[in-house]
file run-v8.pdb (PDB, C-alpha atoms)
ATOM      1  CA  MET G   1      19.193  -9.166  13.516
ATOM      2  CA  ARG G   2      15.978 -11.156  13.094
ATOM      3  CA  VAL G   3      12.598  -9.436  13.416
ATOM      4  CA  LEU G   4       9.038 -10.711  13.626
ATOM      5  CA  GLY G   5       6.665  -8.404  11.719
ATOM      6  CA  ILE G   6       2.937  -8.100  12.462
ATOM      7  CA  GLU G   7       0.499  -6.310  10.133
ATOM      8  CA  THR G   8      -3.157  -5.802  11.154
ATOM      9  CA  SER G   9      -4.052  -2.341   9.894
ATOM     10  CA  CYS G  10      -7.190  -3.297   7.984
ATOM     11  CA  ASP G  11      -8.502  -6.577   6.546
ATOM     12  CA  GLU G  12      -5.363  -8.688   6.135
ATOM     13  CA  THR G  13      -3.432 -10.430   8.885
ATOM     14  CA  GLY G  14       0.212 -10.502   7.834
ATOM     15  CA  ILE G  15       3.043 -12.162   9.727
ATOM     16  CA  ALA G  16       6.663 -12.419   8.599
ATOM     17  CA  ILE G  17      10.166 -13.004   9.894
ATOM     18  CA  TYR G  18      13.012 -11.067   8.293
ATOM     19  CA  ASP G  19      16.736 -11.564   8.882
ATOM     20  CA  ASP G  20      19.145  -8.800   7.878
ATOM     21  CA  GLU G  21      21.672 -11.373   6.641
ATOM     22  CA  LYS G  22      19.479 -14.148   5.243
ATOM     23  CA  GLY G  23      16.543 -12.063   4.050
ATOM     24  CA  LEU G  24      12.907 -13.116   4.314
ATOM     25  CA  LEU G  25      12.613 -16.348   6.276
ATOM     26  CA  ALA G  26       8.830 -16.645   6.599
ATOM     27  CA  HIS G  27       5.738 -14.978   5.211
ATOM     28  CA  GLN G  28       2.160 -15.775   6.247
ATOM     29  CA  LEU G  29      -0.929 -13.884   5.114
ATOM     30  CA  TYR G  30      -4.644 -14.279   5.708
ATOM     31  CA  SER G  31      -7.073 -12.130   3.727
ATOM     32  CA  GLN G  32     -10.561 -11.300   4.998
ATOM     33  CA  VAL G  33     -11.988 -10.633   1.527
ATOM     34  CA  LYS G  34     -14.613 -13.382   1.768
ATOM     35  CA  LEU G  35     -15.637 -12.198   5.236
ATOM     36  CA  HIS G  36     -16.414  -8.666   4.061
ATOM     37  CA  ALA G  37     -17.703  -9.473   0.565
ATOM     38  CA  ASP G  38     -21.353  -9.704   1.652
ATOM     39  CA  TYR G  39     -21.155  -6.156   3.021
ATOM     40  CA  GLY G  40     -19.463  -4.589  -0.007
ATOM     41  CA  GLY G  41     -16.614  -3.242   2.123
ATOM     42  CA  VAL G  42     -14.621  -3.696   5.305
ATOM     43  CA  VAL G  43     -16.644  -3.899   8.536
ATOM     44  CA  PRO G  44     -14.200  -2.687  11.229
ATOM     45  CA  GLU G  45     -15.579  -4.760  14.112
ATOM     46  CA  LEU G  46     -15.566  -7.954  12.074
ATOM     47  CA  ALA G  47     -12.033  -7.197  10.906
ATOM     48  CA  SER G  48     -10.801  -6.826  14.485
ATOM     49  CA  ARG G  49     -12.420 -10.072  15.599
ATOM     50  CA  ASP G  50     -10.953 -11.996  12.686
ATOM     51  CA  HIS G  51      -7.455 -10.660  13.419
ATOM     52  CA  ILE G  52      -7.849 -12.021  16.955
ATOM     53  CA  ARG G  53      -8.743 -15.463  15.600
ATOM     54  CA  LYS G  54      -5.929 -15.656  13.066
ATOM     55  CA  ILE G  55      -2.928 -13.814  14.498
ATOM     56  CA  ILE G  56      -1.518 -16.403  16.934
ATOM     57  CA  PRO G  57      -1.874 -19.399  14.554
ATOM     58  CA  LEU G  58      -0.159 -17.363  11.828
ATOM     59  CA  ILE G  59       2.689 -16.419  14.157
ATOM     60  CA  ASP G  60       3.123 -20.095  15.035
ATOM     61  CA  GLU G  61       3.183 -20.986  11.333
ATOM     62  CA  ALA G  62       5.728 -18.265  10.544
ATOM     63  CA  VAL G  63       8.058 -19.398  13.329
ATOM     64  CA  LYS G  64       7.749 -22.974  12.067
ATOM     65  CA  GLN G  65       8.340 -21.913   8.454
ATOM     66  CA  ALA G  66      11.448 -19.962   9.443
ATOM     67  CA  GLY G  67      12.796 -22.928  11.359
ATOM     68  CA  CYS G  68      13.484 -20.846  14.438
ATOM     69  CA  ASP G  69      12.114 -20.306  17.931
ATOM     70  CA  LYS G  70      11.508 -17.344  20.212
ATOM     71  CA  SER G  71      15.114 -17.315  21.392
ATOM     72  CA  SER G  72      16.334 -16.500  17.881
ATOM     73  CA  ILE G  73      13.900 -13.609  17.415
ATOM     74  CA  ASP G  74      15.745 -10.370  18.194
ATOM     75  CA  GLY G  75      12.850  -7.940  17.995
ATOM     76  CA  ILE G  76       9.179  -7.465  17.143
ATOM     77  CA  ALA G  77       7.655  -4.894  14.800
ATOM     78  CA  PHE G  78       3.945  -4.137  14.441
ATOM     79  CA  THR G  79       1.839  -1.711  12.442
ATOM     80  CA  SER G  80       0.853   1.082  14.801
ATOM     81  CA  GLY G  81      -0.886   3.249  12.201
ATOM     82  CA  PRO G  82      -2.516   4.525  10.171
ATOM     83  CA  GLY G  83      -5.460   2.147   9.928
ATOM     84  CA  LEU G  84      -8.588   0.915  11.700
ATOM     85  CA  ILE G  85      -8.093   1.471  15.413
ATOM     86  CA  GLY G  86      -9.579  -1.860  16.517
ATOM     87  CA  ALA G  87      -7.500  -3.807  14.018
ATOM     88  CA  LEU G  88      -4.355  -1.885  14.971
ATOM     89  CA  LEU G  89      -4.933  -2.635  18.654
ATOM     90  CA  VAL G  90      -5.004  -6.368  17.988
ATOM     91  CA  GLY G  91      -1.550  -6.298  16.444
ATOM     92  CA  SER G  92      -0.104  -3.876  18.968
ATOM     93  CA  THR G  93      -1.308  -5.754  22.051
ATOM     94  CA  VAL G  94      -0.111  -9.102  20.717
ATOM     95  CA  ALA G  95       3.277  -7.600  19.787
ATOM     96  CA  ARG G  96       3.630  -5.966  23.196
ATOM     97  CA  GLY G  97       2.578  -9.159  24.967
ATOM     98  CA  LEU G  98       5.112 -11.235  23.068
ATOM     99  CA  ALA G  99       7.823  -8.634  23.672
ATOM    100  CA  PHE G 100       7.134  -8.790  27.406
ATOM    101  CA  ALA G 101       6.955 -12.586  27.506
ATOM    102  CA  TRP G 102      10.052 -13.104  25.341
ATOM    103  CA  ASN G 103      11.968 -10.112  26.734
ATOM    104  CA  LYS G 104      12.475  -8.608  23.285
ATOM    105  CA  PRO G 105      12.466  -4.989  22.054
ATOM    106  CA  VAL G 106       9.396  -3.861  20.118
ATOM    107  CA  ILE G 107       8.782  -1.052  17.639
ATOM    108  CA  GLY G 108       5.631   0.418  16.112
ATOM    109  CA  VAL G 109       5.883   0.881  12.336
ATOM    110  CA  HIS G 110       4.129   3.383  10.094
ATOM    111  CA  HIS G 111       2.032   1.406   7.616
ATOM    112  CA  MET G 112       2.931   3.615   4.643
ATOM    113  CA  GLU G 113       6.634   3.502   5.483
ATOM    114  CA  GLY G 114       6.268  -0.262   5.247
ATOM    115  CA  HIS G 115       4.830   0.093   1.741
ATOM    116  CA  LEU G 116       7.467   2.648   0.778
ATOM    117  CA  LEU G 117      10.268   0.271   1.780
ATOM    118  CA  ALA G 118       8.646  -2.884   0.346
ATOM    119  CA  PRO G 119      10.800  -2.778  -2.837
ATOM    120  CA  MET G 120      13.808  -3.258  -0.539
ATOM    121  CA  LEU G 121      12.638  -6.864  -0.156
ATOM    122  CA  GLU G 122      13.576  -7.557  -3.785
ATOM    123  CA  ASP G 123      16.939  -8.485  -5.292
ATOM    124  CA  LYS G 124      17.192  -5.173  -7.125
ATOM    125  CA  VAL G 125      16.687  -2.340  -4.648
ATOM    126  CA  PRO G 126      16.561   1.412  -5.227
ATOM    127  CA  GLU G 127      19.312   3.590  -3.805
ATOM    128  CA  PHE G 128      18.481   6.757  -1.900
ATOM    129  CA  PRO G 129      17.383   9.352  -2.835
ATOM    130  CA  PHE G 130      14.306   8.500  -4.876
ATOM    131  CA  LEU G 131      10.755   9.638  -5.571
ATOM    132  CA  ALA G 132       7.966   7.452  -4.206
ATOM    133  CA  LEU G 133       4.392   7.163  -5.418
ATOM    134  CA  LEU G 134       2.334   5.519  -2.664
ATOM    135  CA  VAL G 135      -1.082   4.490  -3.958
ATOM    136  CA  SER G 136      -3.573   2.420  -2.001
ATOM    137  CA  GLY G 137      -7.169   2.325  -0.837
ATOM    138  CA  GLY G 138      -6.451   4.951   1.788
ATOM    139  CA  HIS G 139      -3.544   6.994   0.438
ATOM    140  CA  SER G 140      -2.256   8.747  -2.662
ATOM    141  CA  LEU G 141       1.104  10.368  -1.941
ATOM    142  CA  ILE G 142       4.099  11.622  -3.879
ATOM    143  CA  VAL G 143       7.088  11.637  -1.531
ATOM    144  CA  GLU G 144      10.674  12.750  -1.945
ATOM    145  CA  VAL G 145      12.762  10.196  -0.056
ATOM    146  CA  GLN G 146      16.294  11.058   1.049
ATOM    147  CA  GLY G 147      16.608   8.126   3.471
ATOM    148  CA  ILE G 148      14.593   6.097   5.957
ATOM    149  CA  GLY G 149      12.457   8.565   7.876
ATOM    150  CA  GLN G 150      13.557  11.471   5.664
ATOM    151  CA  TYR G 151      10.345  12.104   3.804
ATOM    152  CA  GLN G 152       8.998  15.246   2.187
ATOM    153  CA  ILE G 153       5.412  14.972   0.969
ATOM    154  CA  LEU G 154       5.180  16.782  -2.361
ATOM    155  CA  GLY G 155       1.589  15.882  -3.229
ATOM    156  CA  GLU G 156      -1.415  14.050  -1.822
ATOM    157  CA  SER G 157      -5.091  13.524  -2.527
ATOM    158  CA  ILE G 158      -7.436  16.228  -1.267
ATOM    159  CA  ASP G 159     -10.363  13.778  -1.260
ATOM    160  CA  ASP G 160     -10.591  10.103  -2.268
ATOM    161  CA  ALA G 161      -7.389   8.114  -2.573
ATOM    162  CA  VAL G 162      -6.954   6.539  -5.994
ATOM    163  CA  GLY G 163      -7.613   3.025  -4.667
ATOM    164  CA  GLU G 164     -10.706   4.279  -2.888
ATOM    165  CA  ALA G 165     -11.935   5.859  -6.130
ATOM    166  CA  PHE G 166     -11.399   2.544  -7.944
ATOM    167  CA  ASP G 167     -13.396   0.683  -5.290
ATOM    168  CA  LYS G 168     -16.239   3.226  -5.134
ATOM    169  CA  THR G 169     -16.550   3.389  -8.909
ATOM    170  CA  ALA G 170     -16.644  -0.398  -9.088
ATOM    171  CA  LYS G 171     -19.428  -0.437  -6.505
ATOM    172  CA  ILE G 172     -21.421   2.117  -8.521
ATOM    173  CA  MET G 173     -21.009  -0.169 -11.523
ATOM    174  CA  GLY G 174     -22.343  -3.138  -9.557
ATOM    175  CA  LEU G 175     -19.062  -5.045  -9.360
ATOM    176  CA  ASP G 176     -18.402  -7.349  -6.433
ATOM    177  CA  TYR G 177     -16.033  -6.538  -3.571
ATOM    178  CA  PRO G 178     -13.084  -5.974  -3.760
ATOM    179  CA  GLY G 179     -13.990  -3.665  -6.597
ATOM    180  CA  GLY G 180     -10.691  -2.140  -7.689
ATOM    181  CA  PRO G 181      -9.097  -5.297  -9.120
ATOM    182  CA  ARG G 182     -12.414  -6.295 -10.714
ATOM    183  CA  LEU G 183     -12.713  -2.920 -12.419
ATOM    184  CA  ALA G 184      -9.158  -3.245 -13.741
ATOM    185  CA  LYS G 185      -9.971  -6.722 -15.062
ATOM    186  CA  LEU G 186     -13.161  -5.485 -16.736
ATOM    187  CA  ALA G 187     -11.224  -2.606 -18.325
ATOM    188  CA  GLU G 188      -9.262  -5.180 -20.345
ATOM    189  CA  GLN G 189     -12.461  -5.744 -22.371
ATOM    190  CA  GLY G 190     -13.107  -2.027 -22.837
ATOM    191  CA  THR G 191     -13.025  -0.006 -26.055
ATOM    192  CA  GLN G 192     -10.436   2.734 -26.281
ATOM    193  CA  GLY G 193     -11.827   6.152 -27.129
ATOM    194  CA  ARG G 194     -15.539   5.545 -26.609
ATOM    195  CA  PHE G 195     -15.552   7.634 -23.426
ATOM    196  CA  LYS G 196     -13.157  10.401 -22.443
ATOM    197  CA  PHE G 197     -12.845  11.096 -18.718
ATOM    198  CA  PRO G 198     -11.143  14.192 -17.272
ATOM    199  CA  ARG G 199      -7.622  14.150 -15.819
ATOM    200  CA  PRO G 200      -8.382  16.062 -12.612
ATOM    201  CA  MET G 201      -6.081  18.842 -11.377
ATOM    202  CA  THR G 202      -3.578  18.324 -14.196
ATOM    203  CA  ASP G 203      -4.410  21.682 -15.809
ATOM    204  CA  ARG G 204      -2.934  23.646 -12.899
ATOM    205  CA  PRO G 205       0.405  23.761 -11.081
ATOM    206  CA  GLY G 206       1.076  21.474  -8.138
ATOM    207  CA  LEU G 207       1.274  17.807  -7.304
ATOM    208  CA  ASP G 208      -1.923  17.203  -5.312
ATOM    209  CA  PHE G 209      -4.589  14.786  -6.523
ATOM    210  CA  SER G 210      -8.382  14.698  -6.620
ATOM    211  CA  PHE G 211     -10.142  11.497  -7.663
ATOM    212  CA  SER G 212     -13.683  11.912  -6.328
ATOM    213  CA  GLY G 213     -14.710  13.753  -9.510
ATOM    214  CA  LEU G 214     -13.762  10.753 -11.635
ATOM    215  CA  LYS G 215     -16.116   8.637  -9.568
ATOM    216  CA  THR G 216     -18.936  11.130 -10.147
ATOM    217  CA  PHE G 217     -18.130  11.335 -13.861
ATOM    218  CA  ALA G 218     -18.338   7.541 -14.092
ATOM    219  CA  ALA G 219     -21.668   7.514 -12.256
ATOM    220  CA  ASN G 220     -23.114  10.160 -14.592
ATOM    221  CA  THR G 221     -21.826   8.317 -17.667
ATOM    222  CA  LEU G 222     -23.356   5.079 -16.439
ATOM    223  CA  LYS G 223     -26.690   6.791 -15.823
ATOM    224  CA  ALA G 224     -26.705   8.310 -19.309
ATOM    225  CA  GLN G 225     -25.447   5.274 -21.246
ATOM    226  CA  GLY G 226     -26.942   2.281 -19.452
ATOM    227  CA  ASN G 227     -25.256  -0.736 -17.950
ATOM    228  CA  ASP G 228     -24.944  -3.352 -20.678
ATOM    229  CA  THR G 229     -21.785  -5.446 -20.480
ATOM    230  CA  GLN G 230     -19.807  -3.574 -23.145
ATOM    231  CA  THR G 231     -20.734  -0.174 -21.760
ATOM    232  CA  LEU G 232     -19.551  -1.209 -18.305
ATOM    233  CA  ALA G 233     -16.250  -2.388 -19.798
ATOM    234  CA  ASP G 234     -15.849   0.860 -21.739
ATOM    235  CA  ILE G 235     -16.535   2.950 -18.632
ATOM    236  CA  ALA G 236     -14.038   0.858 -16.677
ATOM    237  CA  TYR G 237     -11.455   1.403 -19.415
ATOM    238  CA  ALA G 238     -12.011   5.163 -19.497
ATOM    239  CA  PHE G 239     -11.902   5.460 -15.709
ATOM    240  CA  GLN G 240      -8.689   3.465 -15.365
ATOM    241  CA  GLU G 241      -7.088   5.335 -18.269
ATOM    242  CA  ALA G 242      -7.892   8.693 -16.655
ATOM    243  CA  ALA G 243      -6.689   7.640 -13.200
ATOM    244  CA  VAL G 244      -3.420   6.199 -14.498
ATOM    245  CA  ASP G 245      -2.774   9.174 -16.785
ATOM    246  CA  THR G 246      -3.286  11.515 -13.832
ATOM    247  CA  LEU G 247      -0.704   9.610 -11.780
ATOM    248  CA  ILE G 248       1.707   9.646 -14.731
ATOM    249  CA  ILE G 249       1.358  13.387 -15.279
ATOM    250  CA  LYS G 250       1.908  14.180 -11.609
ATOM    251  CA  CYS G 251       4.906  11.839 -11.280
ATOM    252  CA  LYS G 252       6.537  13.271 -14.400
ATOM    253  CA  ARG G 253       6.046  16.741 -12.974
ATOM    254  CA  ALA G 254       7.538  15.686  -9.610
ATOM    255  CA  LEU G 255      10.544  14.001 -11.243
ATOM    256  CA  LYS G 256      11.335  17.139 -13.212
ATOM    257  CA  GLN G 257      10.853  19.295 -10.112
ATOM    258  CA  THR G 258      13.224  17.220  -7.968
ATOM    259  CA  GLY G 259      15.660  16.092 -10.637
ATOM    260  CA  LEU G 260      15.417  12.517  -9.354
ATOM    261  CA  LYS G 261      15.854   9.566 -11.722
ATOM    262  CA  ARG G 262      14.597   6.732  -9.490
ATOM    263  CA  LEU G 263      10.902   6.129  -8.883
ATOM    264  CA  VAL G 264       9.394   3.711  -6.373
ATOM    265  CA  ILE G 265       5.731   2.749  -6.743
ATOM    266  CA  ALA G 266       4.137   0.865  -3.857
ATOM    267  CA  GLY G 267       0.788   0.184  -2.206
ATOM    268  CA  GLY G 268      -2.127  -1.920  -3.394
ATOM    269  CA  VAL G 269      -2.714   0.044  -6.612
ATOM    270  CA  SER G 270       0.922  -0.528  -7.637
ATOM    271  CA  ALA G 271      -0.215  -4.024  -8.688
ATOM    272  CA  ASN G 272      -2.287  -2.457 -11.493
ATOM    273  CA  THR G 273      -0.905  -3.715 -14.812
ATOM    274  CA  GLU G 274      -1.763  -0.568 -16.769
ATOM    275  CA  LEU G 275      -0.043   1.636 -14.189
ATOM    276  CA  ARG G 276       3.106  -0.509 -14.263
ATOM    277  CA  GLN G 277       3.289  -0.446 -18.045
ATOM    278  CA  LYS G 278       2.760   3.313 -18.319
ATOM    279  CA  MET G 279       5.237   4.084 -15.540
ATOM    280  CA  ALA G 280       7.866   1.876 -17.196
ATOM    281  CA  GLU G 281       7.375   3.826 -20.422
ATOM    282  CA  LEU G 282       7.640   7.127 -18.556
ATOM    283  CA  MET G 283      10.888   6.219 -16.804
ATOM    284  CA  GLN G 284      12.377   4.860 -20.015
ATOM    285  CA  SER G 285      11.606   8.151 -21.756
ATOM    286  CA  MET G 286      13.214  10.059 -18.862
ATOM    287  CA  ARG G 287      16.209   7.694 -18.738
ATOM    288  CA  GLY G 288      15.385   6.685 -15.194
ATOM    289  CA  GLU G 289      14.444   3.515 -13.325
ATOM    290  CA  VAL G 290      11.232   2.366 -11.706
ATOM    291  CA  TYR G 291      11.011  -0.063  -8.792
ATOM    292  CA  TYR G 292       8.084  -2.110  -7.456
ATOM    293  CA  PRO G 293       7.588  -4.754  -4.799
ATOM    294  CA  ARG G 294       6.507  -8.150  -6.099
ATOM    295  CA  LEU G 295       2.744  -8.470  -6.486
ATOM    296  CA  GLU G 296       2.204 -10.285  -3.169
ATOM    297  CA  PHE G 297       3.933  -7.415  -1.339
ATOM    298  CA  CYS G 298       1.941  -4.648  -3.058
ATOM    299  CA  THR G 299      -1.000  -5.276  -0.748
ATOM    300  CA  ASP G 300      -0.712  -5.284   3.059
ATOM    301  CA  ASN G 301       1.745  -7.836   4.403
ATOM    302  CA  GLY G 302       3.951  -8.604   7.375
ATOM    303  CA  ALA G 303       7.214  -8.713   5.392
ATOM    304  CA  MET G 304       7.275  -4.956   4.795
ATOM    305  CA  ILE G 305       6.588  -4.318   8.496
ATOM    306  CA  ALA G 306       9.351  -6.704   9.556
ATOM    307  CA  TYR G 307      11.809  -4.995   7.215
ATOM    308  CA  ALA G 308      10.888  -1.454   8.245
ATOM    309  CA  GLY G 309      10.910  -2.423  11.915
ATOM    310  CA  LEU G 310      14.325  -4.040  11.581
ATOM    311  CA  GLN G 311      15.818  -0.835  10.201
ATOM    312  CA  ARG G 312      14.525   1.177  13.139
ATOM    313  CA  LEU G 313      15.431  -1.405  15.786
ATOM    314  CA  LYS G 314      18.974  -1.557  14.390
ATOM    315  CA  ALA G 315      19.125   2.218  14.793
ATOM    316  CA  GLY G 316      18.251   1.817  18.480
ATOM    317  CA  GLN G 317      14.630   2.955  18.276
ATOM    318  CA  ILE G 318      12.327   1.099  20.673
ATOM    319  CA  ASN G 319       8.682   1.713  21.531
ATOM    320  CA  GLN G 320       7.543  -0.492  24.398
ATOM    321  CA  ASN G 321       3.948   0.813  24.650
ATOM    322  CA  ILE G 322       0.882  -0.196  22.637
ATOM    323  CA  GLU G 323       0.058   3.230  21.259
ATOM    324  CA  VAL G 324      -1.721   3.175  17.922
ATOM    325  CA  ARG G 325      -2.423   6.090  15.595
ATOM    326  CA  PRO G 326      -5.353   5.683  13.174
ATOM    327  CA  ARG G 327      -4.174   8.920  11.553
ATOM    328  CA  TRP G 328      -0.441   9.499  11.305
ATOM    329  CA  PRO G 329       1.287  11.837   8.814
ATOM    330  CA  LEU G 330       4.265  10.156   7.161
ATOM    331  CA  ASN G 331       6.448  13.223   7.512
ATOM    332  CA  GLU G 332       6.280  13.068  11.320
ATOM    333  CA  LEU G 333       8.558  10.025  11.419
ATOM    334  CA  GLU G 334      12.006  10.197  12.980
ATOM    335  CA  ALA G 335      14.941   9.803  10.602
ATOM    336  CA  VAL G 336      17.176   6.744  10.871
TER     337      VAL G 336
END
call {"tool": "encode", "arguments": {"input": "run-v8.pdb", "output": "structure tokens"}}
result
Amino acid sequence: MRVLGIETSCDETGIAIYDDEKGLLAHQLYSQVKLHADYGGVVPELASRDHIRKIIPLIDEAVKQAGCDKSSIDGIAFTSGPGLIGALLVGSTVARGLAFAWNKPVIGVHHMEGHLLAPMLEDKVPEFPFLALLVSGGHSLIVEVQGIGQYQILGESIDDAVGEAFDKTAKIMGLDYPGGPRLAKLAEQGTQGRFKFPRPMTDRPGLDFSFSGLKTFAANTLKAQGNDTQTLADIAYAFQEAAVDTLIIKCKRALKQTGLKRLVIAGGVSANTELRQKMAELMQSMRGEVYYPRLEFCTDNGAMIAYAGLQRLKAGQINQNIEVRPRWPLNELEAV
């Protein structure tokens, strides 16, 4: 089966074609970072309009890159949520229109399921069951995964997602958009031990997260210490260290609770070098294995949507309408 994947949940237009025998045939991505940089964050209306401008040319490029035509496409998958409703509607209406014109089945994909399954695009893939840490600008989840669609959420953020906390802290520090990667880069110049930030909600039972306090702690530290270059780097270091340590502590707790030895880390924050290094050390100490998607598939992309959609289309699941869900709990998905 060969599936066209369409991702338009936020500020990246991702198109891909995935074949269950040949693997990834095409991957096209357009980022709106420059468009939103002047505003310090994503402007939903501008995002929607830019998806409209880019989506058809990118589909044409993907089809050309794959060396196929519409007759060899067996199905279409699109991100139907969660995300910005206007952006989601662009992808869903285009997918539905193509499905009608080409007479192909279509399926709406959960954005976070796409991230969760993104490591399946690599040569070395995790076997079920496994524990998943999904960390992005909008989500922080620890999920026990028994199979596709068999998800039990063990922990989640009660306020800011970890990626959101990175971005907001970077903005407080005066860093340009997108702030999270810039903060991580600045942290490389930081001094270990100058500042000690709290590890929120690690002194109590449970697997939920809270990152908004770290943002406030960083703001208060900045106000008290000033904003010279070295101080900014030291604050960035302390913030990242605290955020990563918190994720490590919670994952270690979840692995012991479930007895699982395989850990998947996905979502935009999974590209963070410090997080990858610390998680590798954790899994080595626990005699387990950790899996990531390649860096280009950590952020939003069409390949993960094509893959996830293919699995559901092969199972006979079809969704011919254009329904989108800006909010959509992962554990509501049907098992495959």
call {"tool": "closest_residue", "arguments": {"input": "run-v8.pdb", "among": "G:Leu98, G:Leu232, G:Leu29, G:Leu263", "to": "Ala16 of chain G", "atoms": "only C-alpha atoms"}}
result
G:Leu29
call {"tool": "residues_around", "arguments": {"input": "run-v8.pdb", "residues": "segment 120-130 of chain G", "least_positions_apart": "4", "cutoff": "8 Å", "atoms": "only C-alpha atoms", "output": "list in words"}}
result
Gly23, Leu24, Glu144, Val145, Gln146, Gly147, Leu260, Lys261, Arg262, Leu263, Val264, Tyr291, Pro293, Arg294, Ala303, Met304 and Tyr307 of chain G
call {"tool": "write_last_selection", "arguments": {"input": "run-v8.pdb", "atoms": "C-alpha atoms", "output": "tab-separated table (two decimals), keeping the file's coordinate frame"}}
result
chain	number	residue	atom	x	y	z
G	23	GLY	CA	16.54	-12.06	4.05
G	24	LEU	CA	12.91	-13.12	4.31
G	144	GLU	CA	10.67	12.75	-1.94
G	145	VAL	CA	12.76	10.20	-0.06
G	146	GLN	CA	16.29	11.06	1.05
G	147	GLY	CA	16.61	8.13	3.47
G	260	LEU	CA	15.42	12.52	-9.35
G	261	LYS	CA	15.85	9.57	-11.72
G	262	ARG	CA	14.60	6.73	-9.49
G	263	LEU	CA	10.90	6.13	-8.88
G	264	VAL	CA	9.39	3.71	-6.37
G	291	TYR	CA	11.01	-0.06	-8.79
G	293	PRO	CA	7.59	-4.75	-4.80
G	294	ARG	CA	6.51	-8.15	-6.10
G	303	ALA	CA	7.21	-8.71	5.39
G	304	MET	CA	7.28	-4.96	4.80
G	307	TYR	CA	11.81	-5.00	7.22
call {"tool": "closest_residue", "arguments": {"input": "run-v8.pdb", "among": "G:Thr258, G:Ala37, G:Val63, G:Ser80", "to": "Gln152 of chain G", "atoms": "all atoms listed in the file"}}
result
G:Thr258
call {"tool": "residues_near_point", "arguments": {"input": "run-v8.pdb", "point": "(-4.8, -4.4, 17.9)", "cutoff": "10 Å", "atoms": "all atoms listed in the file", "output": "VMD selection string"}}
result
chain G and resid 7 to 9 48 to 49 51 to 52 78 to 80 84 to 95 322 to 324
call {"tool": "atom_distance", "arguments": {"input": "run-v8.pdb", "atom1": "atom CA of Gly226 of chain G", "atom2": "atom CA of Pro181 of chain G"}}
result
22.0 Å
call {"tool": "residues_near_point", "arguments": {"input": "run-v8.pdb", "point": "(0.5, 1.3, 10.1)", "cutoff": "7 Å", "atoms": "all atoms listed in the file", "output": "number ranges by chain"}}
result
G: 9, 79-83, 109-112
call {"tool": "decode", "arguments": {"input": "run-v8.pdb", "residues": "segment 289-300 of chain G", "atoms": "N, CA and C atoms", "output": "PDB file, in the first residue's frame"}}
result
ATOM      1  N   GLU G 289      16.676  -0.040  26.058  1.00  0.00           N
ATOM      2  CA  GLU G 289      16.998   0.604  24.789  1.00  0.00           C
ATOM      3  C   GLU G 289      16.133   1.838  24.595  1.00  0.00           C
ATOM      4  N   VAL G 290      16.711   2.840  23.969  1.00  0.00           N
ATOM      5  CA  VAL G 290      15.979   4.066  23.679  1.00  0.00           C
ATOM      6  C   VAL G 290      15.947   4.272  22.167  1.00  0.00           C
ATOM      7  N   TYR G 291      14.812   4.748  21.675  1.00  0.00           N
ATOM      8  CA  TYR G 291      14.606   4.933  20.243  1.00  0.00           C
ATOM      9  C   TYR G 291      14.141   6.365  19.967  1.00  0.00           C
ATOM     10  N   TYR G 292      14.670   6.951  18.884  1.00  0.00           N
ATOM     11  CA  TYR G 292      14.284   8.283  18.449  1.00  0.00           C
ATOM     12  C   TYR G 292      14.020   8.258  16.943  1.00  0.00           C
ATOM     13  N   PRO G 293      13.227   9.197  16.454  1.00  0.00           N
ATOM     14  CA  PRO G 293      13.228   9.449  15.011  1.00  0.00           C
ATOM     15  C   PRO G 293      14.465  10.271  14.659  1.00  0.00           C
ATOM     16  N   ARG G 294      14.865  10.251  13.404  1.00  0.00           N
ATOM     17  CA  ARG G 294      15.957  11.123  12.976  1.00  0.00           C
ATOM     18  C   ARG G 294      15.549  12.581  13.211  1.00  0.00           C
ATOM     19  N   LEU G 295      16.515  13.468  13.270  1.00  0.00           N
ATOM     20  CA  LEU G 295      16.255  14.846  13.658  1.00  0.00           C
ATOM     21  C   LEU G 295      15.180  15.512  12.796  1.00  0.00           C
ATOM     22  N   GLU G 296      15.186  15.265  11.488  1.00  0.00           N
ATOM     23  CA  GLU G 296      14.216  15.923  10.613  1.00  0.00           C
ATOM     24  C   GLU G 296      12.793  15.425  10.837  1.00  0.00           C
ATOM     25  N   PHE G 297      12.640  14.281  11.520  1.00  0.00           N
ATOM     26  CA  PHE G 297      11.313  13.752  11.811  1.00  0.00           C
ATOM     27  C   PHE G 297      10.924  13.938  13.277  1.00  0.00           C
ATOM     28  N   CYS G 298      11.755  14.683  14.038  1.00  0.00           N
ATOM     29  CA  CYS G 298      11.364  15.045  15.403  1.00  0.00           C
ATOM     30  C   CYS G 298      10.292  16.132  15.364  1.00  0.00           C
ATOM     31  N   THR G 299      10.489  17.115  14.505  1.00  0.00           N
ATOM     32  CA  THR G 299       9.502  18.174  14.345  1.00  0.00           C
ATOM     33  C   THR G 299       8.386  17.692  13.419  1.00  0.00           C
ATOM     34  N   ASP G 300       7.361  18.503  13.235  1.00  0.00           N
ATOM     35  CA  ASP G 300       6.200  18.103  12.429  1.00  0.00           C
ATOM     36  C   ASP G 300       6.620  17.773  11.002  1.00  0.00           C
TER      37      ASP G 300
END
